[in-house]
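A.B. asks: Have a look at the structure that comes next, please.
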Amino acid sequence: MFYNEEFETLPRPALEALQFKRLKATIERVYCNVPFYKQSFDKAGISPDNVKCLDDLQGLPFTTKQDMRDSYPYGLFATSLEEIVRIHASSGTTGKPTVVGYTHKDIEIWTELMARSLVAAGAHKGDIIHNAYGYGLFTGGLGAHYGAERLGASVIPISGGNTKRQIMIMQDFGSTVLTCTPSYSLFMAEEAKAEGIDFKNLKLRVGIFGAEPWSEAMRGEIEEKLNLAAIDIYGLSEIMGPGVAIECIEAKKGLHIWEDHFLPEIINPETGQRVANGELGELVITTITKQGIPLIRYRTRDITSITYEQCICGRTHARIARMSGRSDDMLIIRGVNVFPSQIESILVGIEGVEPHYLLIVDRKENLDTLEVQVEVDERLFSDEIKVLQQLSRRIEKEIKEMLGVTCTAKLVEPKTIQRSEGKAKRVIDKRNL
Ligand code: DLL
């Protein structure tokens with residue numbers, strides 16, 4: 001099933017011709033309208049005329065989150081504020097938020113791409129979409145909302161929070177599709193269980209989860225606990241919001257990135273050079289239809305790989321792999337690179353532990369330490385100390401064997417690690433404090 005079959009299945013030569021036309025127009029526009037780009041192109045000795053084919057994109061300078069911060073709030077906008085009909089911002093952990101503006105046409109395109117994404121995930125007109133992404137400056141809520149309405153589905157704009165009420169509404173309103181962060185979906189499962197409600201008796205069929213890294217193992221856990229097909233959706237406010245890329249329900253293998261609007265590249269974050277298809281690196285995106293805030297070679301910091309192999313669903317757009325994490329989330333513990341999602345995969349595979357965890361990194365006497373706090377099953381927690389000790393040793397051993405880092409596992413009581421209604425916080429790094 002497609003939302004816009006013509007564009008979703010455009011043969012590659014036609015897709016690339018369209019990409020080039022749109023890229024050219026974008027480059028000319030930013031060069032004329034955004035002083036930042038004029039300066040950065042001039043500094044690199046590049047004029048828009050130098051871009052003669054898609055590959056020439058590689059000669060253009062990158063744009064970073066810092067560039068966006070330096071132009072806070074509106075410095076990178078390519079249109080006058082009068083053309084902007086919506087403003088979103090991403091919170092970020094430090095300092096000022098990153099601000100993005102949308103023209104009418106930007107909202108129109110975002111809406112279509114979210115509608116495409118929902119259909120790719122298996123949603124359709126007639127679905128009741130329970131949208132528990134936060135509404136507000138965060139793009140999740142409104143992004144999914146507009147796409148769902150465009151599809152002709154009934155959207156419940158519940159936003160995040162008040163989990164008991166969420167469950168009651170899902171049950172009473174007969175929700176068929178759930179949209180929220182993967183960690184929040186597990187929290188819902190837990191609350192439902194405490195209320196004596198079995199997800200098997202709900203009508204949910206599909207869950208569309210994103211906004212934070214999660215693992216394949218976590219997908220298994222969610223699918224089992226919520227009794228639905230769990231689909232990975234990716235996006236970021238700088239580029240648009242949710243719906244930049246999504247898995248198709250047919251294959252569930254890689255996320256189709258909507259290439260008629262975004263040009264993806266995967267680079268080595270150290271050298272800035274492109275890596276081969278299939279190799280892990282940092283995702284860089286160039287927007288080719290955005291008006292409000294077009295971005296050239298934006299460094300997302302998200303780590304993935306790309307494939308142009310034909311997908312069984314018939315879409316011709318490239319697929320990016322599930323995000324392995326962010327280059328700035330990557331922990332370097334005694335020289336070993338570790339992503340929280342790798343630890344998550346190991347934990348989810350161990351019976352008796354729950355997928356709620358927190359990594360605490362510290363430095364003691366010049367040595368990095370890693371403590372993995374993880375909740376254990378209620379039945380186990382009341383068990384004898386010996387059983388718990390064995391479980392801790394097993395976690396430590398598996399992490400050491402698979403990732404090469406030494407850690408201490410601390411088993412904590414069920415429901416003691418803080419739950420999140422949006423993005424979960426998985427790491428406390430005390431080394432920088
Ligand atoms: O999180 C947009 C979004 C909303 C995506 C709802 C999907 C669903 P930001 O708040 O700007 O925007 O955060 C963007 O979140 O650079 C990634 O690091 C991370 N992220 C988003 N989706 C995924 C995903 C929204 N599926 C940042 N897997 C991105 C892993 C994700 N990380």
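In the structure tokens, chains take the letters A, B, ... in the order shown, each chain's residues start at 1, and ligands count up from 1 in the order shown.
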Can you tell me which residues come within 7 Å of ligand 1 when counting only C-alpha atoms and all ligand atoms, ideally as a ChimeraX atom specification?

C.D. replies: /A:90,133,138-140,181,209-214,232-238,241-243,300-302,322-323,325-326

A.B. asks: Save out the residues we just selected, N, CA and C atoms, as a compact mmCIF listing (two decimals), in the first residue's frame.

C.D. replies:
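Listing of result.txt after writing:
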# COMPACT_ATOMS: atom_id res chain seq x y z
N SER A 90 13.63 22.35 19.31
CA SER A 90 14.01 21.14 20.04
C SER A 90 14.77 21.57 21.28
N TYR A 133 2.53 11.11 21.23
CA TYR A 133 3.71 11.98 21.15
C TYR A 133 3.31 13.34 21.72
N PHE A 138 7.86 20.45 20.67
CA PHE A 138 8.34 19.17 20.13
C PHE A 138 7.51 18.84 18.88
N THR A 139 8.19 18.34 17.85
CA THR A 139 7.50 18.12 16.57
C THR A 139 6.67 16.84 16.51
N GLY A 140 6.88 15.93 17.48
CA GLY A 140 6.24 14.61 17.41
C GLY A 140 4.72 14.67 17.33
N THR A 181 6.88 7.30 22.02
CA THR A 181 8.27 6.82 22.08
C THR A 181 8.25 5.34 22.49
N PHE A 209 6.92 3.88 16.53
CA PHE A 209 7.74 4.35 17.64
C PHE A 209 9.04 4.99 17.16
N GLY A 210 9.40 6.11 17.76
CA GLY A 210 10.65 6.77 17.40
C GLY A 210 10.94 7.90 18.36
N ALA A 211 11.80 8.81 17.93
CA ALA A 211 12.24 9.97 18.71
C ALA A 211 13.37 9.66 19.68
N GLU A 212 13.72 8.39 19.81
CA GLU A 212 14.84 8.00 20.67
C GLU A 212 15.37 6.67 20.15
N PRO A 213 16.63 6.36 20.45
CA PRO A 213 17.17 5.08 19.98
C PRO A 213 16.51 3.92 20.70
N TRP A 214 16.30 2.84 19.98
CA TRP A 214 15.83 1.58 20.58
C TRP A 214 16.43 0.45 19.78
N ASP A 232 9.57 1.34 13.28
CA ASP A 232 10.54 2.38 13.67
C ASP A 232 10.37 3.61 12.77
N ILE A 233 10.19 4.76 13.38
CA ILE A 233 10.07 6.01 12.61
C ILE A 233 11.16 6.97 13.07
N TYR A 234 11.76 7.64 12.09
CA TYR A 234 12.89 8.53 12.40
C TYR A 234 12.60 9.95 11.91
N GLY A 235 13.15 10.90 12.61
CA GLY A 235 13.06 12.28 12.15
C GLY A 235 13.75 13.18 13.13
N LEU A 236 13.93 14.42 12.73
CA LEU A 236 14.52 15.41 13.64
C LEU A 236 13.98 16.78 13.27
N SER A 237 13.83 17.61 14.29
CA SER A 237 13.18 18.90 14.04
C SER A 237 13.94 19.75 13.04
N GLU A 238 15.27 19.70 13.11
CA GLU A 238 16.05 20.54 12.19
C GLU A 238 15.67 20.27 10.74
N GLY A 241 10.93 17.00 11.33
CA GLY A 241 10.19 16.42 12.45
C GLY A 241 10.03 14.95 12.13
N PRO A 242 9.05 14.26 12.75
CA PRO A 242 8.89 12.83 12.44
C PRO A 242 8.54 12.64 10.97
N GLY A 243 8.92 11.48 10.41
CA GLY A 243 8.51 11.18 9.04
C GLY A 243 9.59 11.44 8.01
N THR A 300 23.60 15.19 11.31
CA THR A 300 22.59 14.82 12.31
C THR A 300 23.22 14.27 13.60
N ARG A 301 24.46 13.77 13.52
CA ARG A 301 25.12 13.07 14.64
C ARG A 301 24.55 11.67 14.86
N ASP A 302 23.55 11.28 14.08
CA ASP A 302 22.98 9.94 14.24
C ASP A 302 23.78 8.93 13.42
N ARG A 322 18.31 0.94 11.33
CA ARG A 322 17.93 1.42 12.67
C ARG A 322 19.13 2.17 13.26
N MET A 323 18.86 3.33 13.89
CA MET A 323 19.97 4.14 14.41
C MET A 323 20.70 3.36 15.50
N GLY A 325 22.71 4.85 17.51
CA GLY A 325 22.91 5.81 18.59
C GLY A 325 23.35 7.11 17.97
N ARG A 326 23.81 8.02 18.80
CA ARG A 326 24.31 9.29 18.28
C ARG A 326 25.81 9.34 18.53

A.B. asks: Using only C-alpha atoms, which residues sit within 12 Å of Phe173 (chain A) once same-chain residues fewer than 3 positions away are excluded, as a PyMOL selection string?

C.D. replies: chain A and resi 127-130+154-156+158+165-170+176-177+202-204

A.B. asks: Keeping only C-alpha atoms, take the residues you just selected and write them out as a tab-separated table (two decimals), in the first residue's frame.

C.D. replies:
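Here's the written file again36.tsv:
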chain	number	residue	atom	x	y	z
A	127	ASP	CA	-7.82	3.63	11.75
A	128	ILE	CA	-8.11	5.22	15.17
A	129	ILE	CA	-4.70	6.69	15.84
A	130	HIS	CA	-3.84	7.22	19.49
A	154	SER	CA	-9.41	9.43	13.29
A	155	VAL	CA	-6.69	10.92	15.41
A	156	ILE	CA	-6.89	11.08	19.20
A	158	ILE	CA	-3.92	12.67	23.66
A	165	ARG	CA	-6.21	7.64	31.33
A	166	GLN	CA	-4.35	6.82	28.13
A	167	ILE	CA	-4.99	3.14	28.67
A	168	MET	CA	-8.65	3.68	29.45
A	169	ILE	CA	-9.06	5.72	26.28
A	170	MET	CA	-7.22	3.19	24.11
A	176	THR	CA	-5.94	0.61	16.40
A	177	VAL	CA	-2.65	2.48	16.00
A	202	LEU	CA	-7.23	-4.13	22.95
A	203	LYS	CA	-7.66	-3.42	19.25
A	204	LEU	CA	-4.14	-2.07	18.68

A.B. asks: Give me the residues near Tyr308 (chain A) as an MDAnalysis selection string, where near means some atom within 10 Å (using only C-alpha atoms) and where sequence neighbours in that chain fewer than 6 positions away do not count.

C.D. replies: chainID A and resid 12 256 277:278 316:320

A.B. asks: Would you list, as a ChimeraX atom specification, the residues of region 116-190 of chain A that end up in alpha helix (DSSP H) under DSSP run on this structure's backbone?

C.D. replies: /A:116-120,139-151,163-173,182-190

A.B. asks: Just to be explicit: take each residue in the selection above, keep C-alpha atoms, and write the result as a compact mmCIF listing (two decimals), in the first residue's frame.

C.D. replies:
# COMPACT_ATOMS: atom_id res chain seq x y z
CA ARG A 116 3.16 8.38 3.47
CA SER A 117 4.96 7.18 6.59
CA LEU A 118 1.77 6.10 8.33
CA VAL A 119 0.67 4.12 5.27
CA ALA A 120 4.12 2.52 4.98
CA THR A 139 7.50 18.12 16.57
CA GLY A 140 6.24 14.61 17.41
CA GLY A 141 2.64 15.41 18.37
CA LEU A 142 1.64 17.85 15.64
CA GLY A 143 3.69 16.05 12.97
CA ALA A 144 1.92 12.74 13.48
CA HIS A 145 -1.41 14.54 13.95
CA TYR A 146 -1.41 16.30 10.59
CA GLY A 147 -0.33 13.14 8.77
CA ALA A 148 -3.05 11.08 10.43
CA GLU A 149 -5.73 13.59 9.51
CA ARG A 150 -4.48 13.76 5.93
CA LEU A 151 -4.82 10.01 5.73
CA THR A 163 -0.89 7.00 31.57
CA LYS A 164 -3.88 5.40 33.30
CA ARG A 165 -6.21 7.64 31.33
CA GLN A 166 -4.35 6.82 28.13
CA ILE A 167 -4.99 3.14 28.67
CA MET A 168 -8.65 3.68 29.45
CA ILE A 169 -9.06 5.72 26.28
CA MET A 170 -7.22 3.19 24.11
CA GLN A 171 -9.53 0.53 25.47
CA ASP A 172 -12.80 2.47 25.29
CA PHE A 173 -12.19 4.30 22.00
CA PRO A 182 9.27 3.15 22.43
CA SER A 183 10.13 3.61 26.11
CA TYR A 184 6.73 5.14 26.82
CA SER A 185 5.00 2.19 25.14
CA LEU A 186 6.68 -0.16 27.62
CA PHE A 187 5.64 2.07 30.49
CA MET A 188 2.06 1.84 29.21
CA ALA A 189 2.34 -1.94 29.10
CA GLU A 190 3.50 -1.95 32.70

A.B. asks: So that I can check the surroundings of Cys407 (chain A), please list as a PyMOL selection string every protein, DNA and RNA residue that reaches within 7 Å of it, counting only C-alpha atoms and ignoring chain neighbours fewer than 6 positions away.

C.D. replies: chain A and resi 369-372+396

A.B. asks: Env of Val284 (chain A): 8 Å cut, atoms = only C-alpha atoms, seq-sep filter 2 positions within chain, self excluded. Answer as a ChimeraX atom specification.

C.D. replies: /A:264-267,282,286,297-301

A.B. asks: Could you tell me which of A:Pro73, A:Gly292, A:Gly122, A:Pro340 comes closest to Lys425 (chain A) if we count only C-alpha atoms?

C.D. replies: A:Pro340

A.B. asks: In region 367-422 of chain A, what's strand (DSSP E) per DSSP? Answer as a PyMOL selection string?

C.D. replies: chain A and resi 367-376+408-412

A.B. asks: Using only C-alpha atoms, pick whichever of A:Ile350, A:Val206, A:Ala115, A:Leu60 has the shortest atom-to-atom distance to Gly272 (chain A).

C.D. replies: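 The closest residue to Gly272 (chain A) is A:Leu60.
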
A.B. asks: What lies within 12 Å of Ile332 (chain A) using only C-alpha atoms, ignoring chain neighbours under 2 positions off, as a list in words?

C.D. replies: Ser327, Asp328, Asp329, Met330, Arg334, Gly335, Val336, Asn337, Val338, Phe339, Pro340, Val361, Asp362, Arg363, Leu367, Asp368, Thr369, Leu370, Leu403, Gly404, Val405, Asp429 and Arg431 of chain A

A.B. asks: As a list of chain:residue names, please: the residues near region 382-386 of chain A (cut-off 12 Å, only C-alpha atoms, same-chain neighbours under 5 positions excluded).

C.D. replies: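 Those residues are A:Gly352, A:Val376, A:Asp377, A:Leu391, A:Ser392, A:Arg393, A:Leu411, A:Val412, A:Glu413, A:Pro414.
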
A.B. asks: Would you mind reading off the distance between CA of Tyr37 (chain A) and CA of Leu113 (chain A), one decimal, in Å?

C.D. replies: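 Spanning CA of Tyr37 (chain A) to CA of Leu113 (chain A) is a straight-line distance of 26.5 Å.
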
A.B. asks: Work out how far apart CA of Gly349 (chain A) and CA of Glu401 (chain A) are and give it in Å to one decimal.

C.D. replies: 14.2 Å
